[in-house]
Amino acid sequence: MLDTDWSDSWRSAFRIELRAEAIGLAWHGWPVLPGTFPEMEPDAESWSGPVPVHEDWADRLGAHPNEVAEWWTGRPYSLLVATGKVVDAIEVGVELGKRAARLLRATGHPAPIVATPDGRWLFLTAAADGLPEQLAVSGEVRWHGEGSWVPLPPTPYQHGVVHWRVKPEVCGWRLPEATAVHSVLAQALDQAEASTQLVAAAPVAA
């Protein structure tokens, strides 16, 4: 009984945290949406990430924070932000993400960065029309623009929780221009390719 009470209490607190985060982001003008939760899926082990719970989610963008609060009241929804209007997201793997984050810190203009439990980093920017060719053809970068969405903390996955690597507060809630982040990601790609070439060219010890 004690274990059940503790579990119910934890779940309730977690739902409250998700709701509070959603309301806060909505007050900052971010188009948040409720998403599916691992335990909502019939086969939770094959769950690959949250999707919007409402089929008409695109018509709900820009909802008032009071309406957002109602969506999460008493419901175990994850937290999504729709991309393409206010926010875009550039998705990369961990190693490329670490390189780009270091370069962004060096410029003194950090971007909000989200990390997922399945090893993906999401760099959030102001909305853009697309990616420069170098990024688009690299195979290492995925752009989330209009018609897409990404999870935000503290959305749960089957084996972990989405978390901030760099919180929006660090940037004063001002999303960086996409071109600035694109440029840094291009530099990070160049560095990764140069590092790979050096390793390949290194002599093999006898």
# chains A, B, ... in the order shown; residues from 1 in each chain; ligands from 1
$ residues_around --residues "Glu55 of chain A" --least-positions-apart "2" --cutoff "12 Å" --atoms "only C-alpha atoms" --output "MDAnalysis selection string"
chainID A and resid 33:36 51:53 57:60
$ residues_around --residues "Pro132 of chain A" --least-positions-apart "3" --cutoff "10 Å" --atoms "only C-alpha atoms" --output "list of chain:residue names"
A:Asp129, A:Leu135, A:Ala136, A:Val137, A:Thr179, A:His182, A:Ser183, A:Ala186
$ atom_distance --atom1 "atom CA of Pro117 of chain A" --atom2 "atom CA of Gly160 of chain A"
5.3 Å
$ residues_around --residues "Lys85 of chain A" --least-positions-apart "3" --cutoff "9 Å" --atoms "only C-alpha atoms" --output "ChimeraX atom specification"
/A:31,82,88,126-128,145-146
$ write_last_selection --atoms "N, CA and C atoms" --output "PDB file, in the first residue's frame"
ATOM      1  N   PRO A  31       4.321  28.013 -28.647  1.00  0.00           N
ATOM      2  CA  PRO A  31       3.117  27.235 -28.998  1.00  0.00           C
ATOM      3  C   PRO A  31       3.194  25.807 -28.476  1.00  0.00           C
ATOM      4  N   ALA A  82       5.252  23.141 -30.862  1.00  0.00           N
ATOM      5  CA  ALA A  82       5.130  23.095 -32.320  1.00  0.00           C
ATOM      6  C   ALA A  82       6.194  23.986 -32.946  1.00  0.00           C
ATOM      7  N   ASP A  88      11.925  27.015 -34.076  1.00  0.00           N
ATOM      8  CA  ASP A  88      12.408  25.902 -34.882  1.00  0.00           C
ATOM      9  C   ASP A  88      13.348  25.079 -34.017  1.00  0.00           C
ATOM     10  N   ALA A 126      14.911  30.853 -33.537  1.00  0.00           N
ATOM     11  CA  ALA A 126      13.759  31.520 -34.140  1.00  0.00           C
ATOM     12  C   ALA A 126      13.406  30.778 -35.432  1.00  0.00           C
ATOM     13  N   ALA A 127      12.162  30.908 -35.880  1.00  0.00           N
ATOM     14  CA  ALA A 127      11.705  30.193 -37.073  1.00  0.00           C
ATOM     15  C   ALA A 127      12.483  30.638 -38.303  1.00  0.00           C
ATOM     16  N   ALA A 128      12.741  29.683 -39.208  1.00  0.00           N
ATOM     17  CA  ALA A 128      13.487  29.945 -40.434  1.00  0.00           C
ATOM     18  C   ALA A 128      12.813  29.231 -41.598  1.00  0.00           C
ATOM     19  N   GLY A 145      10.706  22.187 -38.728  1.00  0.00           N
ATOM     20  CA  GLY A 145      10.075  23.451 -39.078  1.00  0.00           C
ATOM     21  C   GLY A 145       8.567  23.315 -39.049  1.00  0.00           C
ATOM     22  N   GLU A 146       7.899  23.996 -39.958  1.00  0.00           N
ATOM     23  CA  GLU A 146       6.436  24.000 -39.960  1.00  0.00           C
ATOM     24  C   GLU A 146       5.887  22.584 -40.138  1.00  0.00           C
TER      25      GLU A 146
END
$ closest_residue --among "A:Val86, A:Ile113, A:Trp72, A:His54" --to "Ala100 of chain A" --atoms "only C-alpha atoms"
A:Ile113
$ closest_residue --among "A:Trp121, A:Phe14, A:Trp30, A:Trp71" --to "Val162 of chain A" --atoms "only C-alpha atoms"
A:Trp121
$ residues_around --residues "Glu70 of chain A" --least-positions-apart "6" --cutoff "12 Å" --atoms "only C-alpha atoms" --output "number ranges by chain"
A: 16, 19-20, 22-23, 33-34, 63-64, 77
$ select_by_dssp --residues "segment 66-160 of chain A" --states "alpha helix (DSSP H)" --output "MDAnalysis selection string"
chainID A and resid 66:72 94:107 133:136
$ atom_distance --atom1 "atom CA of Val68 of chain A" --atom2 "atom CA of Thr116 of chain A"
23.1 Å
$ select_by_dssp --residues "segment 26-106 of chain A" --states "strand (DSSP E or B)" --output "compact mmCIF listing (two decimals) with all heavy atoms, in the first residue's frame"
# COMPACT_ATOMS: atom_id res chain seq x y z
N VAL A 32 2.85 25.63 -27.21
CA VAL A 32 2.97 24.31 -26.58
C VAL A 32 1.74 23.46 -26.89
O VAL A 32 0.65 23.97 -27.16
CB VAL A 32 3.16 24.44 -25.06
CG1 VAL A 32 4.50 25.09 -24.76
CG2 VAL A 32 2.03 25.21 -24.41
N LEU A 33 1.96 22.15 -26.82
CA LEU A 33 0.90 21.17 -27.10
C LEU A 33 1.04 19.99 -26.15
O LEU A 33 2.15 19.62 -25.78
CB LEU A 33 1.03 20.63 -28.53
CG LEU A 33 0.86 21.61 -29.69
CD1 LEU A 33 1.38 20.96 -30.96
CD2 LEU A 33 -0.61 21.98 -29.83
N PRO A 34 -0.08 19.38 -25.77
CA PRO A 34 0.01 18.14 -24.99
C PRO A 34 0.36 16.96 -25.89
O PRO A 34 -0.15 16.85 -27.01
CB PRO A 34 -1.40 18.00 -24.39
CG PRO A 34 -2.29 18.72 -25.34
CD PRO A 34 -1.47 19.83 -25.93
N GLY A 35 1.24 16.10 -25.40
CA GLY A 35 1.65 14.94 -26.18
C GLY A 35 1.39 13.65 -25.43
O GLY A 35 1.07 13.65 -24.24
N PRO A 52 1.41 14.64 -30.75
CA PRO A 52 0.27 15.40 -30.22
C PRO A 52 -0.94 14.51 -29.94
O PRO A 52 -1.23 13.59 -30.70
CB PRO A 52 -0.03 16.40 -31.34
CG PRO A 52 1.27 16.57 -32.06
CD PRO A 52 1.91 15.21 -32.01
N SER A 78 2.63 14.57 -21.96
CA SER A 78 3.97 15.11 -22.12
C SER A 78 3.87 16.53 -22.68
O SER A 78 2.78 17.01 -22.98
CB SER A 78 4.80 14.21 -23.04
OG SER A 78 4.19 14.12 -24.31
N LEU A 79 5.02 17.19 -22.82
CA LEU A 79 5.05 18.59 -23.22
C LEU A 79 5.76 18.73 -24.57
O LEU A 79 6.93 18.36 -24.71
CB LEU A 79 5.76 19.42 -22.16
CG LEU A 79 6.02 20.90 -22.44
CD1 LEU A 79 4.73 21.63 -22.79
CD2 LEU A 79 6.69 21.55 -21.24
N LEU A 80 5.04 19.23 -25.57
CA LEU A 80 5.58 19.45 -26.90
C LEU A 80 5.53 20.93 -27.23
O LEU A 80 4.70 21.67 -26.71
CB LEU A 80 4.78 18.70 -27.96
CG LEU A 80 4.51 17.21 -27.74
CD1 LEU A 80 3.66 16.67 -28.90
CD2 LEU A 80 5.80 16.44 -27.63
N VAL A 81 6.42 21.36 -28.14
CA VAL A 81 6.30 22.69 -28.73
C VAL A 81 6.24 22.52 -30.24
O VAL A 81 7.04 21.77 -30.83
CB VAL A 81 7.46 23.63 -28.31
CG1 VAL A 81 8.80 23.12 -28.82
CG2 VAL A 81 7.21 25.05 -28.80
N ALA A 82 5.25 23.14 -30.86
CA ALA A 82 5.13 23.09 -32.32
C ALA A 82 6.19 23.99 -32.95
O ALA A 82 6.48 25.08 -32.45
CB ALA A 82 3.74 23.55 -32.75
N THR A 83 6.80 23.52 -34.01
CA THR A 83 7.85 24.28 -34.68
C THR A 83 7.33 24.90 -35.98
O THR A 83 6.32 24.47 -36.52
CB THR A 83 9.06 23.38 -34.98
OG1 THR A 83 8.62 22.22 -35.71
CG2 THR A 83 9.73 22.94 -33.69
N VAL A 87 9.16 28.92 -32.97
CA VAL A 87 10.36 28.16 -32.64
C VAL A 87 10.67 27.16 -33.75
O VAL A 87 9.76 26.55 -34.31
CB VAL A 87 10.15 27.37 -31.32
CG1 VAL A 87 11.41 26.61 -30.93
CG2 VAL A 87 9.70 28.29 -30.21
N ASP A 88 11.92 27.02 -34.08
CA ASP A 88 12.41 25.90 -34.88
C ASP A 88 13.35 25.08 -34.02
O ASP A 88 13.85 25.56 -32.99
CB ASP A 88 13.17 26.39 -36.12
CG ASP A 88 12.25 26.66 -37.29
OD1 ASP A 88 11.02 26.54 -37.14
OD2 ASP A 88 12.77 27.02 -38.37
N ALA A 89 13.60 23.86 -34.43
CA ALA A 89 14.55 23.01 -33.71
C ALA A 89 15.46 22.31 -34.72
O ALA A 89 15.00 21.87 -35.78
CB ALA A 89 13.82 21.98 -32.86
N ILE A 90 16.73 22.23 -34.38
CA ILE A 90 17.70 21.53 -35.20
C ILE A 90 18.20 20.36 -34.38
O ILE A 90 18.80 20.53 -33.32
CB ILE A 90 18.86 22.45 -35.60
CG1 ILE A 90 18.31 23.73 -36.24
CG2 ILE A 90 19.79 21.74 -36.58
CD1 ILE A 90 19.34 24.83 -36.38
N GLU A 91 17.94 19.15 -34.87
CA GLU A 91 18.21 17.92 -34.13
C GLU A 91 19.51 17.28 -34.61
O GLU A 91 19.71 17.08 -35.81
CB GLU A 91 17.05 16.95 -34.31
CG GLU A 91 17.23 15.62 -33.61
CD GLU A 91 16.05 14.69 -33.85
OE1 GLU A 91 14.97 15.17 -34.24
OE2 GLU A 91 16.24 13.47 -33.65
N VAL A 92 20.38 16.96 -33.66
CA VAL A 92 21.66 16.32 -33.98
C VAL A 92 21.96 15.26 -32.94
O VAL A 92 21.29 15.16 -31.92
CB VAL A 92 22.81 17.36 -34.02
CG1 VAL A 92 22.54 18.43 -35.07
CG2 VAL A 92 23.01 18.00 -32.65
N GLY A 93 23.01 14.48 -33.20
CA GLY A 93 23.46 13.50 -32.24
C GLY A 93 24.27 14.14 -31.12
O GLY A 93 24.64 15.32 -31.19
$ closest_residue --among "A:Glu140, A:Glu67, A:Asp118, A:Glu133" --to "Gly97 of chain A" --atoms "only C-alpha atoms"
A:Glu140
$ closest_residue --among "A:Cys171, A:Ala194, A:Arg165, A:Pro153" --to "Gly108 of chain A" --atoms "only C-alpha atoms"
A:Cys171
$ closest_residue --among "A:Gly172, A:Gly130, A:Gly49, A:Pro110" --to "Val150 of chain A" --atoms "only C-alpha atoms"
A:Gly49
